[in-house]
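*Asks:* This is coords25.csv, which holds CSV, C-alpha atoms:
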```csv
chain,number,residue,atom,x,y,z
A,1218,MET,CA,34.9,117.8,101.9
A,1219,THR,CA,35.3,114.6,99.9
A,1220,ALA,CA,32.6,112.9,98.0
A,1221,TYR,CA,31.8,110.7,101.1
A,1222,GLY,CA,31.6,113.7,103.4
A,1223,MET,CA,35.0,113.1,105.0
A,1224,PRO,CA,37.6,115.8,105.3
A,1225,PRO,CA,40.5,115.4,102.9
A,1226,PRO,CA,43.8,114.0,104.3
A,1227,PRO,CA,46.2,116.7,105.4
A,1228,THR,CA,49.0,117.7,102.9
A,1229,GLY,CA,52.2,119.5,103.2
A,1230,PRO,CA,54.6,119.4,106.2
A,1231,ALA,CA,51.7,118.4,108.6
A,1232,ALA,CA,50.9,115.2,106.6
A,1233,PRO,CA,51.8,112.0,108.5
A,1234,ARG,CA,54.6,110.0,107.1
A,1235,ILE,CA,54.0,106.4,105.9
A,1236,GLY,CA,56.6,104.4,107.7
A,1237,VAL,CA,55.9,100.9,106.4
A,1238,LEU,CA,59.1,98.9,106.1
A,1239,PRO,CA,59.6,95.8,103.9
A,1240,THR,CA,59.1,92.6,105.8
A,1241,ARG,CA,62.3,91.0,104.4
A,1242,SER,CA,65.5,92.2,102.8
A,1243,VAL,CA,66.3,92.2,99.1
A,1244,ALA,CA,68.7,89.3,99.6
A,1245,ALA,CA,66.0,87.2,101.4
A,1246,ALA,CA,63.5,88.0,98.6
A,1247,SER,CA,66.0,87.1,95.9
A,1248,ARG,CA,66.7,83.8,97.6
A,1249,SER,CA,63.0,83.0,97.9
A,1250,ALA,CA,62.5,83.8,94.2
A,1251,LEU,CA,65.5,81.7,93.2
A,1252,ALA,CA,64.2,78.8,95.2
A,1253,ALA,CA,60.8,79.1,93.6
A,1254,LEU,CA,62.2,79.1,90.1
A,1255,VAL,CA,64.4,76.1,90.8
A,1256,ARG,CA,61.4,74.2,92.4
A,1257,ARG,CA,59.3,75.0,89.4
A,1258,ASP,CA,61.9,73.4,87.1
A,1259,LEU,CA,62.3,70.4,89.4
A,1260,THR,CA,58.5,69.9,89.6
A,1261,VAL,CA,58.4,69.8,85.8
A,1262,LEU,CA,61.3,67.2,85.9
A,1263,ARG,CA,59.4,65.1,88.4
A,1264,LYS,CA,56.3,65.0,86.2
A,1265,ASN,CA,58.4,64.0,83.2
A,1266,PHE,CA,60.9,61.8,85.0
A,1267,GLY,CA,60.4,58.8,82.8
A,1268,GLU,CA,61.3,60.9,79.7
A,1269,PHE,CA,64.2,62.3,81.5
A,1270,VAL,CA,65.6,58.9,82.5
A,1271,GLY,CA,65.2,57.6,78.9
A,1272,ARG,CA,66.9,60.6,77.5
A,1273,THR,CA,69.7,60.3,80.0
A,1274,VAL,CA,70.3,56.6,79.8
A,1275,MET,CA,70.1,56.0,76.1
A,1276,GLN,CA,73.4,57.3,74.8
A,1277,PRO,CA,75.6,56.1,77.7
A,1278,PHE,CA,73.9,52.7,77.6
A,1279,LEU,CA,74.5,52.3,73.8
A,1280,LEU,CA,78.1,53.5,74.2
A,1281,VAL,CA,79.0,50.9,76.8
A,1282,PHE,CA,76.9,48.2,75.2
A,1283,VAL,CA,78.7,48.5,71.9
A,1284,PHE,CA,82.3,49.1,73.2
A,1285,LEU,CA,82.2,46.8,76.3
A,1286,TYR,CA,79.7,44.1,75.3
A,1287,VAL,CA,79.3,43.8,71.5
A,1288,PHE,CA,82.9,44.4,70.5
A,1289,PRO,CA,84.5,41.9,73.0
A,1290,ILE,CA,81.9,39.3,72.0
A,1291,ILE,CA,82.7,39.5,68.3
A,1292,GLY,CA,86.4,39.7,68.9
A,1293,GLN,CA,86.9,43.4,68.0
A,1294,GLY,CA,87.1,44.8,71.6
A,1295,ILE,CA,89.5,47.7,72.1
A,1296,GLY,CA,92.5,46.4,73.9
A,1297,SER,CA,91.6,42.8,72.8
A,1298,GLY,CA,95.2,42.3,71.9
A,1299,GLY,CA,95.9,41.9,75.6
A,1300,GLY,CA,92.9,39.5,76.0
A,1301,THR,CA,90.3,40.2,78.7
A,1302,ALA,CA,92.9,42.1,80.7
A,1303,GLY,CA,93.3,44.6,77.9
A,1304,GLU,CA,89.5,44.9,77.4
A,1305,SER,CA,89.1,45.4,81.1
A,1306,ALA,CA,91.7,48.1,81.1
A,1307,PHE,CA,89.8,50.0,78.4
A,1308,ALA,CA,86.5,49.5,80.4
A,1309,THR,CA,88.2,51.1,83.4
A,1310,VAL,CA,89.1,54.1,81.2
A,1311,LEU,CA,85.7,54.3,79.6
A,1312,VAL,CA,83.4,54.2,82.6
A,1313,PRO,CA,84.4,57.6,84.0
A,1314,GLY,CA,84.3,59.0,80.5
A,1315,VAL,CA,80.7,57.9,80.1
A,1316,VAL,CA,79.7,59.6,83.4
A,1317,SER,CA,81.4,62.8,82.1
A,1318,ILE,CA,79.5,62.6,78.8
A,1319,ALA,CA,76.2,62.2,80.7
A,1320,ILE,CA,76.9,65.3,82.7
A,1321,MET,CA,77.9,67.3,79.7
A,1322,PHE,CA,74.9,66.3,77.5
A,1323,GLN,CA,72.5,66.9,80.4
A,1324,GLY,CA,73.8,70.3,80.9
A,1325,ILE,CA,73.4,71.1,77.2
A,1326,GLN,CA,70.0,69.5,76.9
A,1327,SER,CA,68.5,70.9,80.1
A,1328,VAL,CA,69.7,74.5,79.6
A,1329,ALA,CA,71.0,75.2,76.1
A,1330,ILE,CA,68.3,73.5,74.0
A,1331,GLN,CA,65.5,74.7,76.3
A,1332,MET,CA,66.9,78.2,76.5
A,1333,SER,CA,67.2,78.4,72.7
A,1334,GLN,CA,63.6,77.3,72.3
A,1335,GLU,CA,62.4,79.8,74.9
A,1336,PHE,CA,64.2,82.6,73.0
A,1337,GLY,CA,62.5,81.4,69.8
A,1338,TYR,CA,59.4,82.6,68.0
A,1339,THR,CA,57.1,82.0,71.0
A,1340,ARG,CA,59.4,84.0,73.4
A,1341,GLU,CA,58.3,81.8,76.3
A,1342,ILE,CA,61.2,83.3,78.3
A,1343,GLU,CA,59.1,86.5,78.8
A,1344,ASP,CA,56.8,84.8,81.2
A,1345,ARG,CA,59.7,84.3,83.6
A,1346,VAL,CA,61.5,87.5,83.2
A,1347,GLN,CA,58.4,89.4,84.1
A,1348,ALA,CA,58.7,88.1,87.7
A,1349,PRO,CA,59.7,90.7,90.3
A,1350,CYS,CA,63.3,89.6,90.5
A,1351,PRO,CA,66.6,90.5,88.7
A,1352,LEU,CA,67.1,89.1,85.2
A,1353,TRP,CA,70.3,87.3,86.2
A,1354,LEU,CA,68.3,85.4,88.9
A,1355,VAL,CA,66.2,83.7,86.2
A,1356,ALA,CA,69.3,82.6,84.3
A,1357,VAL,CA,71.0,81.3,87.5
A,1358,ALA,CA,67.9,79.3,88.4
A,1359,LYS,CA,68.2,77.6,85.0
A,1360,VAL,CA,71.8,76.8,85.7
A,1361,LEU,CA,71.1,75.4,89.2
A,1362,SER,CA,68.1,73.3,88.1
A,1363,GLY,CA,70.1,72.0,85.2
A,1364,ALA,CA,73.0,71.1,87.5
A,1365,ALA,CA,70.6,69.2,89.7
A,1366,GLN,CA,69.5,67.2,86.6
A,1367,GLY,CA,73.2,66.6,85.8
A,1368,LEU,CA,73.8,65.2,89.3
A,1369,ILE,CA,70.8,62.8,88.9
A,1370,SER,CA,72.1,61.8,85.5
A,1371,ALA,CA,75.5,60.9,87.0
A,1372,VAL,CA,73.9,58.8,89.7
A,1373,ILE,CA,71.8,56.9,87.1
A,1374,VAL,CA,74.5,56.4,84.5
A,1375,LEU,CA,77.4,55.2,86.7
A,1376,PRO,CA,75.8,51.8,87.7
A,1377,ILE,CA,74.8,51.1,84.1
A,1378,ALA,CA,78.3,51.9,82.8
A,1379,ALA,CA,79.8,49.8,85.5
A,1380,VAL,CA,77.7,46.6,85.0
A,1381,VAL,CA,77.1,46.5,81.2
A,1382,HIS,CA,80.0,44.5,79.8
A,1383,ALA,CA,80.8,41.2,78.2
A,1384,PRO,CA,81.8,38.2,80.4
A,1385,GLY,CA,85.4,38.4,81.5
A,1386,VAL,CA,85.5,42.2,81.0
A,1387,HIS,CA,85.5,44.0,84.4
A,1388,PRO,CA,86.2,47.7,84.9
A,1389,HIS,CA,88.4,48.1,88.0
A,1390,LEU,CA,86.7,50.9,89.9
A,1391,THR,CA,87.8,52.4,93.2
A,1392,VAL,CA,85.6,55.2,94.5
A,1393,HIS,CA,87.4,58.1,96.2
A,1394,TRP,CA,84.5,59.7,97.8
A,1395,TRP,CA,85.9,63.1,98.7
A,1396,ILE,CA,86.7,63.6,95.0
A,1397,VAL,CA,83.3,62.3,93.8
A,1398,VAL,CA,81.2,64.5,96.1
A,1399,THR,CA,83.1,67.6,95.3
A,1400,LEU,CA,83.9,67.2,91.6
A,1401,ILE,CA,80.5,66.0,90.3
A,1402,PRO,CA,78.6,69.1,91.5
A,1403,LEU,CA,81.3,71.4,90.2
A,1404,SER,CA,81.3,69.6,86.9
A,1405,CYS,CA,77.5,69.9,86.7
A,1406,ILE,CA,77.6,73.6,87.3
A,1407,ALA,CA,80.4,74.1,84.7
A,1408,MET,CA,78.4,72.2,82.0
A,1409,THR,CA,75.1,73.9,82.7
A,1410,SER,CA,76.9,77.3,82.6
A,1411,LEU,CA,78.3,76.2,79.2
A,1412,GLY,CA,74.7,75.3,78.3
A,1413,LEU,CA,73.6,78.8,79.3
A,1414,LEU,CA,76.3,80.3,77.1
A,1415,LEU,CA,75.4,78.1,74.1
A,1416,GLY,CA,71.7,78.5,74.5
A,1417,THR,CA,71.9,82.3,74.5
A,1418,THR,CA,74.4,82.3,71.6
A,1419,PHE,CA,72.8,80.0,69.0
A,1420,GLU,CA,69.5,80.6,67.4
A,1421,PRO,CA,67.0,77.7,67.4
A,1422,ARG,CA,67.6,77.2,63.7
A,1423,ASN,CA,71.3,76.7,64.3
A,1424,ILE,CA,71.1,73.9,66.9
A,1425,GLY,CA,72.5,71.5,64.4
A,1426,VAL,CA,75.5,73.8,63.9
A,1427,MET,CA,76.0,73.8,67.7
A,1428,PHE,CA,76.1,70.0,67.9
A,1429,GLY,CA,78.3,69.7,64.8
A,1430,PHE,CA,80.9,72.3,65.6
A,1431,VAL,CA,80.9,72.5,69.4
A,1432,VAL,CA,79.4,69.4,71.0
A,1433,LEU,CA,81.1,66.7,68.9
A,1434,PRO,CA,84.6,68.2,69.2
A,1435,LEU,CA,84.1,68.5,72.9
A,1436,VAL,CA,83.2,64.8,73.1
A,1437,PHE,CA,85.9,63.3,70.9
A,1438,LEU,CA,88.6,65.6,72.3
A,1439,GLY,CA,87.4,65.5,75.9
A,1440,GLY,CA,89.2,62.4,77.1
A,1441,THR,CA,86.1,60.2,77.1
A,1442,TYR,CA,87.8,57.2,75.5
A,1443,TYR,CA,91.4,57.8,76.6
A,1444,GLN,CA,93.5,59.2,79.3
A,1445,TRP,CA,95.0,62.7,78.9
A,1446,THR,CA,98.3,61.3,80.3
A,1447,LYS,CA,98.5,59.0,77.3
A,1448,LEU,CA,98.3,61.8,74.8
A,1449,GLY,CA,102.0,62.5,75.3
A,1450,LEU,CA,102.6,59.7,72.7
A,1451,VAL,CA,101.0,61.9,70.0
A,1452,GLU,CA,103.8,64.3,69.1
A,1453,LEU,CA,105.1,66.3,66.2
A,1454,GLY,CA,108.8,67.2,66.2
A,1455,GLY,CA,109.0,66.3,69.8
A,1456,PHE,CA,106.1,68.6,70.7
A,1457,HIS,CA,103.1,66.9,72.4
A,1458,TRP,CA,100.7,69.0,70.4
A,1459,LEU,CA,97.4,67.2,71.1
A,1460,GLN,CA,98.0,67.0,74.8
A,1461,VAL,CA,98.3,70.8,74.7
A,1462,VAL,CA,95.4,71.5,72.3
A,1463,VAL,CA,92.8,69.6,74.3
A,1464,LEU,CA,93.5,71.8,77.4
A,1465,VAL,CA,91.0,74.3,76.0
A,1466,ASN,CA,88.3,71.7,76.3
A,1467,PRO,CA,86.4,71.8,79.6
A,1468,LEU,CA,85.4,68.2,79.3
A,1469,ILE,CA,89.0,66.9,79.5
A,1470,TYR,CA,89.2,68.2,83.1
A,1471,ILE,CA,85.9,66.5,84.0
A,1472,SER,CA,86.9,63.2,82.5
A,1473,GLU,CA,90.3,63.3,84.2
A,1474,GLY,CA,88.7,64.2,87.5
A,1475,MET,CA,86.2,61.4,87.2
A,1476,ARG,CA,89.1,59.0,86.6
A,1477,ALA,CA,90.7,60.3,89.8
A,1478,GLY,CA,87.4,59.8,91.6
A,1479,PHE,CA,86.4,56.3,90.3
A,1480,THR,CA,89.7,54.6,89.4
A,1481,ASP,CA,93.4,54.3,90.3
A,1482,LEU,CA,94.5,55.1,86.8
A,1483,SER,CA,97.0,57.9,86.0
A,1484,HIS,CA,95.3,61.2,85.6
A,1485,MET,CA,95.8,65.0,85.4
A,1486,HIS,CA,96.7,66.5,88.8
A,1487,LEU,CA,93.7,67.5,90.8
A,1488,TYR,CA,95.4,70.8,91.7
A,1489,ILE,CA,94.9,71.6,88.0
A,1490,VAL,CA,91.5,70.1,87.6
A,1491,TYR,CA,89.7,72.0,90.3
A,1492,PRO,CA,90.9,75.5,89.7
A,1493,VAL,CA,90.5,75.2,85.9
A,1494,LEU,CA,86.9,74.0,86.3
A,1495,VAL,CA,86.1,76.9,88.7
A,1496,ALA,CA,87.6,79.3,86.1
A,1497,PHE,CA,85.4,77.7,83.4
A,1498,CYS,CA,82.4,78.1,85.6
A,1499,VAL,CA,83.1,81.8,86.1
A,1500,LEU,CA,83.9,82.4,82.4
A,1501,PHE,CA,80.8,80.5,81.0
A,1502,LEU,CA,78.4,81.9,83.6
A,1503,GLY,CA,79.7,85.5,83.1
A,1504,LEU,CA,79.4,85.3,79.3
A,1505,GLY,CA,76.1,83.5,79.6
A,1506,LEU,CA,74.5,86.1,81.9
A,1507,ARG,CA,75.7,88.8,79.6
A,1508,ASN,CA,74.2,87.1,76.5
A,1509,PHE,CA,71.0,86.3,78.5
A,1510,ARG,CA,70.4,90.0,79.5
A,1511,ARG,CA,71.1,91.1,75.9
A,1512,ARG,CA,68.7,88.6,74.4
A,1513,VAL,CA,65.9,89.4,76.9
A,1514,LEU,CA,66.2,93.1,76.4
A,1515,SER,CA,66.5,93.0,72.6
```
Show how you would write the structure in this file as structure tokens.

*Replies:*
Amino acid sequence: MTAYGMPPPPTGPAAPRIGVLPTRSVAAASRSALAALVRRDLTVLRKNFGEFVGRTVMQPFLLVFVFLYVFPIIGQGIGSGGGTAGESAFATVLVPGVVSIAIMFQGIQSVAIQMSQEFGYTREIEDRVQAPCPLWLVAVAKVLSGAAQGLISAVIVLPIAAVVHAPGVHPHLTVHWWIVVTLIPLSCIAMTSLGLLLGTTFEPRNIGVMFGFVVLPLVFLGGTYYQWTKLGLVELGGFHWLQVVVLVNPLIYISEGMRAGFTDLSHMHLYIVYPVLVAFCVLFLGLGLRNFRRRVLS
């Protein structure tokens, strides 16, 4: 008899089997956890949306303000040798590049910097990885929420880049929607995957090194201010060395894809842009997930 006067439950072969099955599959539970993690990040974004907009707009606004407004006004506009037509041609080249920079910086700020901080002294990342879901799911949620922020950044920055310019300077934009609606999400995922890789590679004390030796070369060699097709003019002994070297830069494919999506300028072939960006996504995400697991379990 038990302490409450009840007979003990049967044991051995005669014991009844507990046949309770889970109410949902592992895949369904993983999707639910992923959605919850993404919603958590987007809720934080909504509560700090003003700060997000200010951080997103400041650099692209200053870039187009200086290059497309101040320089033409004071007579130092790029392409000013051809008058307003030359300055407008440069504006047409710059606007897609500004959108590309906004996507890249948002991917790094929303994932790399935050991830580096969470792996810092306070180890805030431990609050998330204790959730009953795979470790990789936490990292993928960061990538997807960062990609959503990158998409919002592109939507905010494009109108600003298109309208801030001096009188007489007009970027000639032609939107090719099928390119825009497919390339921008892919670019956002590629850059947030890069952010995951950088955030799990660099320690918080080395963030300055990351910007100096990784981010700045990406920007200046990423086709932001020029077309990749024009780099053929830079040669050494008949070899178009710069046009080849920049092919290791993922931003060059985003910038060229944006030019294909927003202008009628010459650009890198899209049958190169799309597969290479997909390959960068796989590479960055794979390495980032490996580093993430290693940092969490260390």

*Asks:* When you draw a straight line from CA of Ile1295 (chain A) to CA of Leu1368 (chain A), how long is it in Å?

*Replies:*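 Going from CA of Ile1295 (chain A) over to CA of Leu1368 (chain A) covers 29.1 Å.
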
*Asks:* Which value, in Å to one decimal, gives the distance between CA of Val1461 (chain A) and CA of Tyr1442 (chain A)?

*Replies:*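 Calculated distance between CA of Val1461 (chain A) and CA of Tyr1442 (chain A) is 17.2 Å.
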
*Asks:* Do a neighbour search on region 1467-1478 of chain A at 6 Å with only C-alpha atoms, toss out local chain neighbours closer than 4 positions, and write the hits as an mmCIF file with C-alpha atoms, keeping the file's coordinate frame.

*Replies:*
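Saved file out_9.cif follows:
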```cif
data_model
loop_
_atom_site.group_PDB
_atom_site.id
_atom_site.type_symbol
_atom_site.label_atom_id
_atom_site.label_comp_id
_atom_site.auth_asym_id
_atom_site.auth_seq_id
_atom_site.Cartn_x
_atom_site.Cartn_y
_atom_site.Cartn_z
ATOM 1 C CA PRO A 1313 84.400 57.600 84.000
ATOM 2 C CA GLY A 1314 84.300 59.000 80.500
ATOM 3 C CA SER A 1317 81.400 62.800 82.100
ATOM 4 C CA VAL A 1392 85.600 55.200 94.500
ATOM 5 C CA HIS A 1393 87.400 58.100 96.200
ATOM 6 C CA ILE A 1396 86.700 63.600 95.000
ATOM 7 C CA VAL A 1397 83.300 62.300 93.800
ATOM 8 C CA GLY A 1439 87.400 65.500 75.900
ATOM 9 C CA GLY A 1440 89.200 62.400 77.100
ATOM 10 C CA HIS A 1484 95.300 61.200 85.600
ATOM 11 C CA MET A 1485 95.800 65.000 85.400
ATOM 12 C CA VAL A 1490 91.500 70.100 87.600
#
```

*Asks:* Give the answer as one residue: which of A:Cys1350, A:Leu1375, A:Val1451, A:Leu1411 has the shortest atom-to-atom distance to Gly1503 (chain A), using only C-alpha atoms?

*Replies:*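 Of all the options, A:Leu1411 lies closest to Gly1503 (chain A).
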
*Asks:* Near Arg1256 (chain A), within 10 Å and counting all atoms listed in the file, which residues show up once chain neighbours fewer than 5 positions away are dropped, as an mmCIF file with C-alpha atoms, in the coordinates of the input?

*Replies:*
```
data_model
loop_
_atom_site.group_PDB
_atom_site.id
_atom_site.type_symbol
_atom_site.label_atom_id
_atom_site.label_comp_id
_atom_site.auth_asym_id
_atom_site.auth_seq_id
_atom_site.Cartn_x
_atom_site.Cartn_y
_atom_site.Cartn_z
ATOM 1 C CA ALA A 1250 62.500 83.800 94.200
ATOM 2 C CA LEU A 1251 65.500 81.700 93.200
ATOM 3 C CA VAL A 1261 58.400 69.800 85.800
ATOM 4 C CA LEU A 1262 61.300 67.200 85.900
ATOM 5 C CA ALA A 1358 67.900 79.300 88.400
ATOM 6 C CA SER A 1362 68.100 73.300 88.100
#
```

*Asks:* Using all atoms listed in the file for the distances, tell me which of A:Val1465, A:Cys1498, A:Met1321, A:Val1255 is nearest to Leu1361 (chain A).

*Replies:* A:Val1255

*Asks:* Could you state the separation of CA of Ala1356 (chain A) and CA of Ser1515 (chain A) in Å, given to one decimal place?

*Replies:*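 About the pair CA of Ala1356 (chain A) and CA of Ser1515 (chain A): they are 15.9 Å apart.
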
*Asks:* Using only C-alpha atoms, which residues sit within 10 Å of Arg1510 (chain A) once same-chain residues fewer than 4 positions away are excluded, as a list in words?

*Replies:* Val1346, Pro1351, Leu1352, Trp1353, Ala1356, Thr1417, Gly1505, Leu1506, Leu1514 and Ser1515 of chain A

*Asks:* Out of A:Val1270, A:Ala1383, A:Ala1245, A:Leu1482, which residue has the shortest atom-to-atom distance to Thr1301 (chain A) when counting only C-alpha atoms?

*Replies:*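 Among the listed residues, the smallest separation from Thr1301 (chain A) belongs to A:Ala1383.
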
*Asks:* For a quick check of understanding, using all atoms listed in the file, which of A:Val1426, A:Val1312, A:Leu1504, A:Ala1364 has the smallest distance to Val1380 (chain A)?

*Replies:* A:Val1312

*Asks:* Within 10 Å of Leu1459 (chain A), counting all atoms listed in the file, which residues show up once you throw out same-chain ones fewer than 6 positions away? Write them as a list of chain:residue names, please.

*Replies:*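 Near Leu1459 (chain A), the qualifying residues are A:Leu1438, A:Trp1445, A:Leu1448, A:Gly1449, A:Leu1450, A:Val1451, A:Glu1452, A:Leu1453.
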
*Asks:* Just write the chosen residues, C-alpha atoms, as a PDB file, keeping the file's coordinate frame.

*Replies:*
```pdb
ATOM      1  CA  LEU A1438      88.600  65.600  72.300  1.00  0.00           C
ATOM      2  CA  TRP A1445      95.000  62.700  78.900  1.00  0.00           C
ATOM      3  CA  LEU A1448      98.300  61.800  74.800  1.00  0.00           C
ATOM      4  CA  GLY A1449     102.000  62.500  75.300  1.00  0.00           C
ATOM      5  CA  LEU A1450     102.600  59.700  72.700  1.00  0.00           C
ATOM      6  CA  VAL A1451     101.000  61.900  70.000  1.00  0.00           C
ATOM      7  CA  GLU A1452     103.800  64.300  69.100  1.00  0.00           C
ATOM      8  CA  LEU A1453     105.100  66.300  66.200  1.00  0.00           C
TER       9      LEU A1453
END
```

*Asks:* Restricting the calculation to only C-alpha atoms: of A:Thr1391, A:Glu1304, A:Gln1323, A:Leu1403, which residue gets closest to Gly1292 (chain A)?

*Replies:* A:Glu1304

*Asks:* Neighbouring residues of Phe1278 (chain A) were defined as those with any atom within 12 Å, considering only C-alpha atoms; residues of the same chain fewer than 3 positions away were excluded. Please report them as an mmCIF file with C-alpha atoms, in the coordinates of the input.

*Replies:*
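And here's around_22.cif as it stands now:
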```cif
data_model
loop_
_atom_site.group_PDB
_atom_site.id
_atom_site.type_symbol
_atom_site.label_atom_id
_atom_site.label_comp_id
_atom_site.auth_asym_id
_atom_site.auth_seq_id
_atom_site.Cartn_x
_atom_site.Cartn_y
_atom_site.Cartn_z
ATOM 1 C CA VAL A 1270 65.600 58.900 82.500
ATOM 2 C CA GLY A 1271 65.200 57.600 78.900
ATOM 3 C CA ARG A 1272 66.900 60.600 77.500
ATOM 4 C CA THR A 1273 69.700 60.300 80.000
ATOM 5 C CA VAL A 1274 70.300 56.600 79.800
ATOM 6 C CA MET A 1275 70.100 56.000 76.100
ATOM 7 C CA VAL A 1281 79.000 50.900 76.800
ATOM 8 C CA PHE A 1282 76.900 48.200 75.200
ATOM 9 C CA VAL A 1283 78.700 48.500 71.900
ATOM 10 C CA PHE A 1284 82.300 49.100 73.200
ATOM 11 C CA LEU A 1285 82.200 46.800 76.300
ATOM 12 C CA TYR A 1286 79.700 44.100 75.300
ATOM 13 C CA VAL A 1312 83.400 54.200 82.600
ATOM 14 C CA VAL A 1315 80.700 57.900 80.100
ATOM 15 C CA VAL A 1316 79.700 59.600 83.400
ATOM 16 C CA ILE A 1318 79.500 62.600 78.800
ATOM 17 C CA ALA A 1319 76.200 62.200 80.700
ATOM 18 C CA ILE A 1373 71.800 56.900 87.100
ATOM 19 C CA VAL A 1374 74.500 56.400 84.500
ATOM 20 C CA LEU A 1375 77.400 55.200 86.700
ATOM 21 C CA PRO A 1376 75.800 51.800 87.700
ATOM 22 C CA ILE A 1377 74.800 51.100 84.100
ATOM 23 C CA ALA A 1378 78.300 51.900 82.800
ATOM 24 C CA ALA A 1379 79.800 49.800 85.500
ATOM 25 C CA VAL A 1380 77.700 46.600 85.000
ATOM 26 C CA VAL A 1381 77.100 46.500 81.200
ATOM 27 C CA HIS A 1382 80.000 44.500 79.800
#
```

*Asks:* Which one is closest to Leu1415 (chain A): A:Phe1269, A:Phe1497, A:Phe1509, A:Phe1307? Count all atoms listed in the file.

*Replies:*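 Of the candidates, the smallest distance to Leu1415 (chain A) is held by A:Phe1509.
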